[in-house]
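Peer 1: For reference, this is coords-v7.csv, and it has CSV, C-alpha atoms and all ligand atoms.
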chain,number,residue,atom,x,y,z
A,49,MET,CA,-83.1,88.9,-18.8
A,50,GLU,CA,-86.0,90.1,-20.9
A,51,GLU,CA,-88.0,87.1,-19.8
A,52,GLU,CA,-87.1,87.6,-16.2
A,53,ILE,CA,-88.3,91.2,-16.4
A,54,ARG,CA,-91.6,90.1,-17.9
A,55,SER,CA,-92.3,87.5,-15.3
A,56,TYR,CA,-91.3,89.9,-12.5
A,57,ILE,CA,-93.9,92.4,-13.9
A,58,LYS,CA,-96.5,89.6,-14.1
A,59,GLN,CA,-96.1,88.6,-10.4
A,60,TYR,CA,-95.5,92.1,-8.9
A,61,ARG,CA,-98.4,93.0,-6.6
A,62,SER,CA,-99.1,96.0,-4.4
A,63,LYS,CA,-102.1,97.9,-3.0
A,64,CYS,CA,-102.3,99.7,-6.3
A,65,PHE,CA,-101.8,96.6,-8.4
A,66,PRO,CA,-103.7,93.9,-6.5
A,67,PHE,CA,-104.1,91.7,-9.6
A,68,GLY,CA,-100.5,92.2,-10.7
A,69,LEU,CA,-98.8,95.0,-12.5
A,70,LEU,CA,-99.3,93.3,-15.9
A,71,ASN,CA,-103.1,93.6,-15.3
A,72,VAL,CA,-103.0,97.4,-15.8
A,73,LEU,CA,-100.6,97.4,-18.8
A,74,THR,CA,-102.0,97.7,-22.3
A,75,LYS,CA,-98.5,97.6,-23.7
A,76,LEU,CA,-95.2,96.1,-22.5
A,77,ASN,CA,-92.0,96.1,-24.5
A,78,VAL,CA,-88.6,95.2,-23.0
A,79,THR,CA,-85.5,95.9,-25.0
A,80,GLU,CA,-81.8,96.0,-24.3
A,81,ASN,CA,-80.2,99.4,-24.5
A,82,SER,CA,-76.7,100.9,-23.7
A,83,ASN,CA,-77.7,101.4,-20.1
A,84,GLY,CA,-79.2,98.0,-19.4
A,85,TYR,CA,-82.9,97.5,-20.4
A,86,LEU,CA,-85.7,99.8,-21.5
A,87,VAL,CA,-89.1,99.0,-20.1
A,88,ASP,CA,-91.7,100.7,-22.3
A,89,VAL,CA,-95.3,100.5,-21.0
A,90,CYS,CA,-98.8,101.9,-21.4
A,91,LEU,CA,-100.9,102.1,-18.3
A,92,ALA,CA,-104.7,101.7,-18.2
A,93,PHE,CA,-105.0,104.4,-15.5
A,94,PRO,CA,-102.6,107.2,-14.3
A,95,CYS,CA,-100.2,105.9,-11.6
A,96,PHE,CA,-96.7,107.0,-12.5
A,97,THR,CA,-95.6,107.1,-8.9
A,98,GLN,CA,-96.6,103.6,-8.1
A,99,LEU,CA,-95.2,102.4,-11.5
A,100,LYS,CA,-91.8,104.0,-10.7
A,101,LEU,CA,-91.8,102.3,-7.3
A,102,ALA,CA,-92.4,98.9,-8.9
A,103,ILE,CA,-89.7,99.4,-11.5
A,104,GLU,CA,-87.2,100.6,-8.9
A,105,LYS,CA,-87.9,97.6,-6.8
A,106,MET,CA,-87.5,95.3,-9.8
A,107,ALA,CA,-84.1,96.9,-10.7
A,108,GLU,CA,-82.9,96.2,-7.2
A,109,ASP,CA,-84.3,92.7,-6.9
A,110,LEU,CA,-83.0,91.6,-10.4
A,111,ASP,CA,-79.8,93.7,-10.0
A,112,VAL,CA,-80.1,95.3,-13.4
A,113,ASN,CA,-80.2,98.9,-14.8
A,114,LEU,CA,-83.7,99.8,-16.0
A,115,ASP,CA,-84.9,102.8,-17.9
A,116,LEU,CA,-88.6,103.5,-18.0
A,117,LYS,CA,-90.8,104.9,-20.7
A,118,ALA,CA,-94.5,105.2,-19.8
A,119,ASN,CA,-97.7,106.7,-21.1
A,120,VAL,CA,-101.4,106.3,-20.1
A,121,GLN,CA,-104.3,105.3,-22.2
A,122,VAL,CA,-107.6,105.5,-20.2
A,123,GLU,CA,-110.9,104.0,-21.4
A,124,ALA,CA,-114.4,105.3,-20.5
A,125,VAL,CA,-116.1,103.1,-17.9
A,126,ARG,CA,-119.5,104.3,-18.8
A,127,GLN,CA,-121.1,105.2,-22.1
A,128,HIS,CA,-122.2,108.8,-22.5
A,129,ASN,CA,-122.5,111.5,-25.1
A,130,ILE,CA,-120.4,114.3,-23.6
A,131,SER,CA,-117.7,114.7,-26.3
A,132,GLY,CA,-114.1,115.2,-25.4
A,133,VAL,CA,-114.5,113.5,-22.0
A,134,LYS,CA,-113.9,109.9,-21.1
A,135,ASN,CA,-114.9,109.7,-17.4
A,136,ILE,CA,-116.8,112.1,-15.2
A,137,ILE,CA,-116.2,112.0,-11.5
A,138,ALA,CA,-118.4,114.0,-9.1
A,139,ILE,CA,-116.6,115.5,-6.1
A,140,ALA,CA,-119.2,116.1,-3.5
A,141,SER,CA,-119.8,116.9,0.2
A,142,GLY,CA,-122.9,117.0,2.3
A,143,LYS,CA,-121.9,120.0,4.3
A,144,GLY,CA,-120.5,123.3,2.9
A,145,GLY,CA,-117.0,124.6,3.7
A,146,VAL,CA,-115.3,121.2,4.3
A,147,GLY,CA,-112.8,122.0,1.6
A,148,LYS,CA,-114.5,120.2,-1.3
A,149,SER,CA,-113.3,122.7,-4.0
A,150,THR,CA,-109.8,122.8,-2.7
A,151,THR,CA,-109.6,119.1,-2.6
A,152,ALA,CA,-111.1,118.7,-6.1
A,153,VAL,CA,-108.4,121.1,-7.5
A,154,ASN,CA,-105.6,119.3,-5.8
A,155,ILE,CA,-106.8,115.8,-6.8
A,156,ALA,CA,-107.1,117.1,-10.4
A,157,LEU,CA,-103.5,118.4,-10.3
A,158,ALA,CA,-102.3,115.2,-8.7
A,159,LEU,CA,-104.0,113.1,-11.5
A,160,GLN,CA,-102.3,115.3,-14.0
A,161,GLU,CA,-98.9,114.6,-12.4
A,162,GLU,CA,-99.7,110.9,-12.5
A,163,GLY,CA,-100.1,111.1,-16.3
A,164,ALA,CA,-103.7,111.9,-17.1
A,165,ARG,CA,-105.4,114.7,-19.1
A,166,VAL,CA,-107.7,116.3,-16.6
A,167,GLY,CA,-110.4,119.0,-16.5
A,168,ILE,CA,-112.5,120.5,-13.8
A,169,LEU,CA,-116.1,121.8,-14.0
A,170,ASP,CA,-117.3,124.1,-11.3
A,171,ALA,CA,-120.9,123.2,-10.6
A,172,ASP,CA,-121.0,125.4,-7.6
A,173,ILE,CA,-123.3,127.9,-9.3
A,174,TYR,CA,-123.9,129.9,-6.1
A,175,GLY,CA,-120.3,130.2,-5.0
A,176,PRO,CA,-117.8,129.4,-7.8
A,177,SER,CA,-114.3,129.3,-6.4
A,178,ILE,CA,-112.4,127.2,-9.0
A,179,PRO,CA,-111.4,130.3,-11.1
A,180,THR,CA,-109.7,131.9,-8.1
A,181,MET,CA,-108.1,128.6,-7.0
A,182,LEU,CA,-106.6,128.1,-10.5
A,183,GLY,CA,-105.5,131.8,-10.7
A,184,ILE,CA,-107.6,132.5,-13.7
A,185,GLY,CA,-110.5,134.5,-12.2
A,186,ASP,CA,-110.1,137.4,-14.5
A,187,GLN,CA,-110.3,135.5,-17.7
A,188,LYS,CA,-113.2,134.9,-20.1
A,189,PRO,CA,-113.6,131.8,-22.3
A,190,GLY,CA,-113.6,132.3,-26.1
A,191,SER,CA,-115.0,130.2,-28.9
A,192,GLU,CA,-113.6,128.9,-32.2
A,193,ASP,CA,-116.9,127.8,-33.8
A,194,GLY,CA,-119.3,130.3,-32.2
A,195,LYS,CA,-121.2,127.3,-30.7
A,196,ARG,CA,-119.0,125.8,-28.0
A,197,MET,CA,-116.8,127.6,-25.5
A,198,LEU,CA,-113.2,126.8,-25.1
A,199,PRO,CA,-112.2,125.8,-21.6
A,200,LEU,CA,-109.7,128.0,-19.9
A,201,ASN,CA,-106.4,126.6,-18.7
A,202,GLY,CA,-105.3,127.0,-15.1
A,203,LEU,CA,-102.2,125.2,-13.8
A,204,GLY,CA,-102.4,122.9,-16.8
A,205,LEU,CA,-106.1,121.9,-16.1
A,206,SER,CA,-108.9,122.6,-18.5
A,207,ALA,CA,-111.5,124.5,-16.5
A,208,MET,CA,-115.0,125.8,-16.9
A,209,SER,CA,-117.1,127.7,-14.4
A,210,ILE,CA,-120.2,129.9,-14.2
A,211,GLY,CA,-117.8,132.3,-12.5
A,212,PHE,CA,-116.1,133.0,-15.9
A,213,LEU,CA,-119.4,134.0,-17.4
A,214,VAL,CA,-121.6,136.0,-15.0
A,215,PRO,CA,-121.0,138.1,-11.9
A,216,ASP,CA,-121.5,136.2,-8.6
A,217,SER,CA,-124.4,138.4,-7.7
A,218,GLN,CA,-126.3,137.4,-10.8
A,219,ALA,CA,-125.9,133.6,-10.4
A,220,SER,CA,-126.8,133.7,-6.7
A,221,ILE,CA,-130.4,134.7,-7.5
A,222,TRP,CA,-131.0,131.8,-9.8
A,223,ARG,CA,-133.6,129.3,-8.6
A,224,GLY,CA,-133.1,125.5,-8.8
A,225,PRO,CA,-134.2,124.7,-12.4
A,226,MET,CA,-132.4,127.7,-13.8
A,227,ALA,CA,-129.2,126.7,-12.0
A,228,SER,CA,-129.3,123.1,-13.2
A,229,THR,CA,-130.0,124.3,-16.8
A,230,ALA,CA,-127.1,126.7,-16.6
A,231,PHE,CA,-124.9,123.9,-15.3
A,232,THR,CA,-125.9,121.3,-18.0
A,233,GLN,CA,-125.3,123.9,-20.6
A,234,LEU,CA,-121.8,124.5,-19.2
A,235,LEU,CA,-121.1,120.8,-19.4
A,236,ASN,CA,-122.5,120.3,-22.9
A,237,GLU,CA,-121.4,123.5,-24.5
A,238,THR,CA,-117.7,123.4,-23.6
A,239,ALA,CA,-115.3,122.1,-26.2
A,240,TRP,CA,-113.5,119.6,-23.8
A,241,ASP,CA,-110.3,118.5,-25.4
A,242,ASP,CA,-109.8,114.7,-25.1
A,243,LEU,CA,-109.9,114.5,-21.3
A,244,ASP,CA,-109.4,111.3,-19.4
A,245,TYR,CA,-111.2,112.6,-16.4
A,246,LEU,CA,-113.5,115.5,-15.8
A,247,LEU,CA,-113.9,116.3,-12.1
A,248,ILE,CA,-117.2,118.0,-11.2
A,249,ASP,CA,-117.0,120.2,-8.1
A,250,MET,CA,-120.6,119.7,-7.0
A,251,PRO,CA,-122.5,122.4,-5.0
A,252,PRO,CA,-122.6,121.5,-1.3
A,253,GLY,CA,-125.7,119.9,0.1
A,254,THR,CA,-128.1,117.2,-0.9
A,255,GLY,CA,-131.1,119.2,-2.2
A,256,ASP,CA,-133.0,119.3,-5.5
A,257,ILE,CA,-130.1,120.9,-7.4
A,258,GLN,CA,-127.6,118.2,-6.4
A,259,LEU,CA,-130.1,115.4,-7.1
A,260,THR,CA,-130.9,116.8,-10.5
A,261,LEU,CA,-127.2,117.1,-11.4
A,262,ALA,CA,-126.5,113.6,-10.2
A,263,GLN,CA,-129.3,112.4,-12.4
A,264,LYS,CA,-128.7,114.5,-15.5
A,265,VAL,CA,-124.9,114.1,-15.7
A,266,PRO,CA,-123.5,110.8,-16.8
A,267,VAL,CA,-121.3,110.5,-13.8
A,268,ALA,CA,-119.1,107.4,-13.7
A,269,ALA,CA,-118.6,107.6,-9.9
A,270,ALA,CA,-118.7,110.0,-7.0
A,271,CYS,CA,-116.1,110.7,-4.3
A,272,MET,CA,-117.2,112.3,-1.0
A,273,ILE,CA,-115.2,114.9,0.9
A,274,THR,CA,-115.7,115.4,4.7
A,275,THR,CA,-114.0,116.7,7.7
A,276,PRO,CA,-113.8,114.5,10.8
A,277,GLN,CA,-116.6,116.5,12.6
A,278,ASP,CA,-119.8,114.7,13.4
A,279,ILE,CA,-121.9,117.4,11.8
A,280,ALA,CA,-120.0,116.9,8.4
A,281,LEU,CA,-120.2,113.1,8.7
A,282,ILE,CA,-124.0,113.2,9.2
A,283,ASP,CA,-124.4,115.3,6.0
A,284,VAL,CA,-122.0,113.1,4.0
A,285,ARG,CA,-124.2,110.1,4.8
A,286,LYS,CA,-127.1,111.9,3.2
A,287,GLY,CA,-124.9,112.6,0.2
A,288,ILE,CA,-124.0,108.9,-0.2
A,289,SER,CA,-127.7,108.0,0.0
A,290,MET,CA,-128.5,110.6,-2.7
A,291,PHE,CA,-125.9,109.0,-5.1
A,292,ASP,CA,-127.3,105.5,-4.2
A,293,LYS,CA,-130.8,106.7,-5.1
A,294,VAL,CA,-129.6,107.7,-8.6
A,295,GLN,CA,-127.4,104.6,-8.9
A,296,VAL,CA,-124.1,106.5,-9.1
A,297,PRO,CA,-121.4,104.4,-7.3
A,298,VAL,CA,-119.6,106.1,-4.5
A,299,LEU,CA,-115.9,105.2,-4.6
A,300,GLY,CA,-115.0,106.4,-1.2
A,301,VAL,CA,-114.5,109.2,1.2
A,302,VAL,CA,-111.6,111.6,1.6
A,303,GLU,CA,-111.1,113.1,5.1
A,304,ASN,CA,-110.0,116.7,4.8
A,305,MET,CA,-108.5,118.7,7.7
A,306,SER,CA,-107.9,115.4,9.3
A,307,TYR,CA,-105.1,116.5,11.5
A,308,HIS,CA,-102.6,119.3,11.9
A,309,ILE,CA,-98.8,119.0,12.4
A,310,CYS,CA,-97.2,121.8,14.4
A,311,SER,CA,-94.5,123.4,12.3
A,312,ASN,CA,-92.5,124.1,15.5
A,313,CYS,CA,-92.6,120.8,17.4
A,314,GLY,CA,-94.1,118.3,14.9
A,315,HIS,CA,-96.9,117.4,17.3
A,316,GLU,CA,-100.0,116.0,15.5
A,317,SER,CA,-103.3,117.3,16.8
A,318,HIS,CA,-106.8,116.3,15.7
A,319,ILE,CA,-108.6,119.6,15.7
A,320,PHE,CA,-111.9,118.4,14.3
A,321,GLY,CA,-111.9,115.0,15.9
A,322,GLN,CA,-110.5,111.6,15.0
A,323,GLY,CA,-111.6,108.4,13.3
A,324,GLY,CA,-114.9,109.7,11.9
A,325,ALA,CA,-114.4,109.1,8.2
A,326,GLU,CA,-112.8,105.7,8.9
A,327,HIS,CA,-115.8,104.6,10.8
A,328,LEU,CA,-118.2,105.9,8.1
A,329,ALA,CA,-116.2,104.1,5.4
A,330,GLY,CA,-116.6,100.8,7.4
A,331,GLU,CA,-120.2,101.4,8.0
A,332,ARG,CA,-121.1,102.1,4.3
A,333,GLU,CA,-118.5,99.7,2.9
A,334,ILE,CA,-116.7,102.3,0.9
A,335,GLU,CA,-113.0,103.1,0.9
A,336,LEU,CA,-111.3,105.7,3.0
A,337,LEU,CA,-109.4,107.2,0.1
A,338,GLY,CA,-107.1,109.2,2.2
A,339,GLN,CA,-106.6,111.8,4.9
A,340,ILE,CA,-105.4,115.3,4.2
A,341,PRO,CA,-103.9,117.5,7.0
A,342,LEU,CA,-105.0,121.1,7.8
A,343,ASP,CA,-102.1,122.7,6.0
A,344,LEU,CA,-101.0,126.3,5.6
A,345,GLU,CA,-99.7,125.8,2.0
A,346,VAL,CA,-103.0,124.2,0.9
A,347,ARG,CA,-104.9,127.3,2.2
A,348,GLN,CA,-102.5,129.8,0.7
A,349,GLY,CA,-102.5,127.9,-2.6
A,350,ALA,CA,-106.3,128.0,-2.8
A,351,ASP,CA,-106.4,131.7,-2.0
A,352,HIS,CA,-103.7,132.6,-4.5
A,353,GLY,CA,-104.2,130.3,-7.4
A,354,ASN,CA,-101.1,128.2,-6.9
A,355,SER,CA,-101.5,124.8,-5.3
A,356,PRO,CA,-98.6,123.1,-3.4
A,357,VAL,CA,-99.2,120.1,-5.6
A,358,PHE,CA,-98.3,122.2,-8.6
A,359,ALA,CA,-95.5,124.0,-6.9
A,360,ASP,CA,-93.6,121.0,-5.6
A,361,ILE,CA,-94.7,117.6,-6.9
A,362,ASP,CA,-92.5,115.7,-4.4
A,363,SER,CA,-93.5,117.4,-1.2
A,364,ASP,CA,-95.3,115.4,1.5
A,365,ILE,CA,-98.6,117.1,0.8
A,366,SER,CA,-98.3,116.4,-2.9
A,367,GLN,CA,-97.7,112.7,-2.2
A,368,ILE,CA,-100.8,112.6,-0.1
A,369,TYR,CA,-103.0,114.0,-2.9
A,370,ARG,CA,-101.2,111.8,-5.5
A,371,ARG,CA,-102.0,108.7,-3.4
A,372,ILE,CA,-105.7,109.7,-3.1
A,373,ALA,CA,-105.9,110.5,-6.8
A,374,THR,CA,-104.4,107.1,-7.7
A,375,ASN,CA,-106.8,105.4,-5.3
A,376,ILE,CA,-109.8,107.0,-7.0
A,377,VAL,CA,-108.8,106.1,-10.5
A,378,SER,CA,-107.6,102.6,-9.7
A,379,ASP,CA,-111.0,102.0,-7.9
A,380,LEU,CA,-112.7,103.2,-11.0
A,381,TYR,CA,-110.7,100.8,-13.1
A,382,TYR,CA,-111.0,97.8,-10.9
A,383,GLN,CA,-114.5,98.1,-9.7
A,384,LEU,CA,-116.7,100.1,-12.0
A,385,ASP,CA,-116.9,97.8,-15.0
A,386,TRP,CA,-119.3,95.7,-13.0
A,387,ARG,CA,-120.7,98.3,-10.5
A,388,SER,CA,-121.8,101.0,-13.0
A,389,PRO,CA,-125.4,100.6,-14.0
A,390,ALA,CA,-124.5,101.6,-17.6
A,391,THR,CA,-121.9,98.9,-18.0
A,392,ALA,CA,-123.1,96.2,-15.6
A,393,ASN,CA,-123.4,92.8,-17.1
A,394,LEU,CA,-124.2,90.9,-13.9
A,395,SER,CA,-127.6,90.3,-12.4
A,396,ILE,CA,-127.9,89.9,-8.7
A,397,ILE,CA,-130.4,87.2,-7.7
A,398,GLU,CA,-131.8,87.7,-4.2
A,399,GLU,CA,-132.4,84.5,-2.3
B,401,LIG,N1,-106.5,120.8,3.9
B,401,LIG,C1,-106.7,122.1,4.1
B,401,LIG,N2,-105.8,122.8,4.8
B,401,LIG,C2,-106.0,124.2,5.0
B,401,LIG,N3,-107.0,124.9,4.5
B,401,LIG,C3,-107.9,124.2,3.8
B,401,LIG,C4,-107.8,122.8,3.5
B,401,LIG,N4,-108.8,122.5,2.7
B,401,LIG,C5,-109.6,123.6,2.5
B,401,LIG,N5,-109.0,124.7,3.2
B,401,LIG,C6,-109.5,126.0,3.2
B,401,LIG,O1,-110.8,126.0,3.7
B,401,LIG,C7,-111.7,127.0,3.1
B,401,LIG,C8,-112.9,126.3,2.5
B,401,LIG,O2,-112.4,125.5,1.4
B,401,LIG,P1,-113.3,125.2,0.1
B,401,LIG,O3,-113.8,126.5,-0.5
B,401,LIG,O4,-112.5,124.3,-0.8
B,401,LIG,O5,-114.5,124.5,0.7
B,401,LIG,P2,-115.9,124.0,0.0
B,401,LIG,O6,-116.3,122.8,0.8
B,401,LIG,O7,-115.7,123.8,-1.4
B,401,LIG,O8,-116.8,125.2,0.3
B,401,LIG,P3,-118.3,125.5,-0.3
B,401,LIG,O9,-119.2,124.6,0.4
B,401,LIG,O10,-118.5,126.9,-0.1
B,401,LIG,O11,-118.2,125.1,-1.8
B,401,LIG,C9,-110.8,127.7,2.1
B,401,LIG,O12,-110.3,128.8,2.7
B,401,LIG,C10,-109.6,126.7,1.8
B,401,LIG,O13,-108.4,127.4,1.5
Using structure tokens, write down the structure from this file.
Peer 2:
Amino acid sequence: MEEEIRSYIKQYRSKCFPFGLLNVLTKLNVTENSNGYLVDVCLAFPCFTQLKLAIEKMAEDLDVNLDLKANVQVEAVRQHNISGVKNIIAIASGKGGVGKSTTAVNIALALQEEGARVGILDADIYGPSIPTMLGIGDQKPGSEDGKRMLPLNGLGLSAMSIGFLVPDSQASIWRGPMASTAFTQLLNETAWDDLDYLLIDMPPGTGDIQLTLAQKVPVAAACMITTPQDIALIDVRKGISMFDKVQVPVLGVVENMSYHICSNCGHESHIFGQGGAEHLAGEREIELLGQIPLDLEVRQGADHGNSPVFADIDSDISQIYRRIATNIVSDLYYQLDWRSPATANLSIIEE
């Protein structure tokens, strides 16, 4: 039976494991136990939900009782000198107010649920909202060595924001160079603690500040957030071009406020339009990473520092964020070893 289990794992394929489940395992031990068999694995990226589905299917197909033990060991896809962080992912939007910060927080929480160590850095110098969204707006970071700040912890995430350090009114008068210096200081002078992923909540827009950040920070990849509205999609195209310019791969686009489901009758309405992000993804050959509904609990969570992803990991909305989070990190794993300029070992010859 041990051999049957191993060969099942080798041939198991799904959207999350297109090259087989074995391809993403850095450890696989199968041993008999009192219940049946124990499958003990180590994953190369966080995807507990998809792994559990695979193991459940295997137990059914092989008609055997299986226990699962899993952990995650993520590698850096790009070399850099930010200590305590393996992979930096920029969460960006062209237009303001599309729900970028809310989505960044919920994706970070979903990644955490899927088995990763995750941090979030609020680069929105002019309107830092991460402290409020994580319910830690009234806290101040300390320091152990007098040199680097300790990140604060909100809903299990390591977090740093200019909002912890200076009043909003002070940061809002900073000019471009001052704002980007403040941000790079925040990134470099925080004692990040062995994070698999640091998500950067980028300031909205595609101006000089955003360009400088994209250039200065060793970002492994970017992920764009948009609403289905034409005006947001126009700006997100500019954002993608900006990342192209600085050779940061854009993994895909997340459509936020994609639809709304009426809590009384279940009718689905497309308040901000329909099909826009899908069209954009096709046009720019990037992935549509997922579609998030306009949801009351998402809004309440963001306002009160308690996300629905944290409150109920099995709810429908949690599953949507978890799927998006897994799509992002699996893309990073499968694609970036050859797409990232820092790790590329292919040369493309134009004919
Ligand atoms: N899926 C959603 N469902 C309901 N409300 C949402 C959703 N996403 C975001 N919101 C709400 O929309 C508002 C704007 O969200 P958020 O602050 O995340 O946007 P942003 O793009 O980061 O803004 P800014 O450009 O100012 O940084 C917030 O009140 C948030 O609660």
Peer 1: Kindly provide, as number ranges by chain, all nucleotide and amino acid residues lying within 8 Å of ligand LIG 401 (chain B), counting only C-alpha atoms and all ligand atoms.
Peer 2: A: 141, 143-152, 172, 175-177, 249-252, 273, 304-306, 340-351
Peer 1: Generate a file of the selected residues that holds C-alpha atoms, formatted as a compact mmCIF listing (two decimals), keeping the file's coordinate frame.
Peer 2:
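Dumped everything to result35.txt:
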# COMPACT_ATOMS: atom_id res chain seq x y z
CA SER A 141 -119.80 116.90 0.20
CA LYS A 143 -121.90 120.00 4.30
CA GLY A 144 -120.50 123.30 2.90
CA GLY A 145 -117.00 124.60 3.70
CA VAL A 146 -115.30 121.20 4.30
CA GLY A 147 -112.80 122.00 1.60
CA LYS A 148 -114.50 120.20 -1.30
CA SER A 149 -113.30 122.70 -4.00
CA THR A 150 -109.80 122.80 -2.70
CA THR A 151 -109.60 119.10 -2.60
CA ALA A 152 -111.10 118.70 -6.10
CA ASP A 172 -121.00 125.40 -7.60
CA GLY A 175 -120.30 130.20 -5.00
CA PRO A 176 -117.80 129.40 -7.80
CA SER A 177 -114.30 129.30 -6.40
CA ASP A 249 -117.00 120.20 -8.10
CA MET A 250 -120.60 119.70 -7.00
CA PRO A 251 -122.50 122.40 -5.00
CA PRO A 252 -122.60 121.50 -1.30
CA ILE A 273 -115.20 114.90 0.90
CA ASN A 304 -110.00 116.70 4.80
CA MET A 305 -108.50 118.70 7.70
CA SER A 306 -107.90 115.40 9.30
CA ILE A 340 -105.40 115.30 4.20
CA PRO A 341 -103.90 117.50 7.00
CA LEU A 342 -105.00 121.10 7.80
CA ASP A 343 -102.10 122.70 6.00
CA LEU A 344 -101.00 126.30 5.60
CA GLU A 345 -99.70 125.80 2.00
CA VAL A 346 -103.00 124.20 0.90
CA ARG A 347 -104.90 127.30 2.20
CA GLN A 348 -102.50 129.80 0.70
CA GLY A 349 -102.50 127.90 -2.60
CA ALA A 350 -106.30 128.00 -2.80
CA ASP A 351 -106.40 131.70 -2.00
Peer 1: What separation in Å, quoted to one decimal, exists between CA of Gln160 in chain A and CA of Val78 in chain A?
Peer 2: 25.9 Å
Peer 1: What would the list of residues within 6 Å of (-122.5, 105.3, -10.0) (file frame) look like as a VMD selection string, if all atoms listed in the file are what count?
Peer 2: chain A and resid 268 to 269 295 to 297 388
Peer 1: So how far away is CA of Leu73 in chain A from CA of Leu114 in chain A, in Å?
Peer 2: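 Computed distance, CA of Leu114 in chain A to CA of Leu73 in chain A, equals 17.3 Å.
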Peer 1: Out of A:Met226, A:Ile137, A:Leu234, A:Val302, which residue has the shortest atom-to-atom distance to Asp256 in chain A when counting all atoms listed in the file?
Peer 2: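 Once distances to Asp256 in chain A are computed over all atoms listed in the file, the minimum belongs to A:Met226.
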Peer 1: How far is it from CA of Phe212 in chain A to CA of Arg126 in chain A, in Å with one decimal?
Peer 2: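 About the pair CA of Phe212 in chain A and CA of Arg126 in chain A: they are 29.0 Å apart.
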Peer 1: From the list A:Asp109, A:Asp292, A:Glu104, A:Asp115, which residue is nearest Gly84 in chain A when using only C-alpha atoms?
Peer 2: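 For Gly84 in chain A, the nearest of the given residues is A:Asp115.
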Peer 1: Which is closest to Tyr369 in chain A among A:Asn154, A:Ser55, A:Asn83, A:Ser209, if we use only C-alpha atoms?
Peer 2: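 Among the listed residues, A:Asn154 lies closest to Tyr369 in chain A.
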Peer 1: Around (-92.0, 95.2, -18.8) in the file's frame, which residues reach within 12 Å when counting all atoms listed in the file? Return as number ranges by chain?
Peer 2: A: 49-60, 69-80, 85-91, 99-100, 102-103, 106-107, 114-118
Peer 1: Fewer than 4 positions away in the same chain doesn't count, so skip those; otherwise give me all residues within 9 Å of Leu299 in chain A, counting all atoms listed in the file, as a PyMOL selection string.
Peer 2: chain A and resi 269-272+334-337+376+379-380+383
Peer 1: Hey, which of A:Val301, A:Ala239, A:Ala373, A:Leu261 ends up closest to Pro225 in chain A? Count all atoms listed in the file.
Peer 2: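 Going through A:Val301, A:Ala239, A:Ala373, A:Leu261 one by one, the smallest distance to Pro225 in chain A is for A:Leu261.
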Peer 1: Pick from A:Leu110, A:Ile319, A:Ala329, A:Ala227: nearest to Ile257 in chain A, with only C-alpha atoms counted?
Peer 2: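 With only C-alpha atoms as the atom set, the closest residue is A:Ala227.
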Peer 1: Skip Gln187 in chain A itself and residues of its chain fewer than 2 positions away, then list as a list in words all residues within 12 Å of it, counting all atoms listed in the file.
Peer 2: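 In the requested form, the answer reads Pro179, Thr180, Leu182, Gly183, Ile184, Gly185, Pro189, Gly190, Leu198, Pro199, Leu200, Asn201, Gly202, Ala207, Met208, Ser209, Ile210, Gly211, Phe212, Leu213 and Val214 of chain A.
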Peer 1: Kindly export the residues of the current selection with C-alpha atoms, as a short mmCIF file (atom, residue, chain, number, x, y, z; two decimals), in the frame of the given file.
Peer 2:
data_model
loop_
_atom_site.label_atom_id
_atom_site.label_comp_id
_atom_site.auth_asym_id
_atom_site.auth_seq_id
_atom_site.Cartn_x
_atom_site.Cartn_y
_atom_site.Cartn_z
CA PRO A 179 -111.40 130.30 -11.10
CA THR A 180 -109.70 131.90 -8.10
CA LEU A 182 -106.60 128.10 -10.50
CA GLY A 183 -105.50 131.80 -10.70
CA ILE A 184 -107.60 132.50 -13.70
CA GLY A 185 -110.50 134.50 -12.20
CA PRO A 189 -113.60 131.80 -22.30
CA GLY A 190 -113.60 132.30 -26.10
CA LEU A 198 -113.20 126.80 -25.10
CA PRO A 199 -112.20 125.80 -21.60
CA LEU A 200 -109.70 128.00 -19.90
CA ASN A 201 -106.40 126.60 -18.70
CA GLY A 202 -105.30 127.00 -15.10
CA ALA A 207 -111.50 124.50 -16.50
CA MET A 208 -115.00 125.80 -16.90
CA SER A 209 -117.10 127.70 -14.40
CA ILE A 210 -120.20 129.90 -14.20
CA GLY A 211 -117.80 132.30 -12.50
CA PHE A 212 -116.10 133.00 -15.90
CA LEU A 213 -119.40 134.00 -17.40
CA VAL A 214 -121.60 136.00 -15.00
#
Peer 1: Pick from A:Met197, A:Leu281, A:Val265, A:Ile361: nearest to Leu246 in chain A, with only C-alpha atoms counted?
Peer 2: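 Closest to Leu246 in chain A, using only C-alpha atoms: A:Val265.
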Peer 1: If we count all atoms listed in the file and set the cut-off at 12 Å, which residues sit around Thr260 in chain A, ignoring sequence neighbours fewer than 5 positions away in its own chain? Please answer as a PyMOL selection string.
Peer 2: chain A and resi 171+224-229+231-232+250-251+254-255+265-267+290-291+293-294
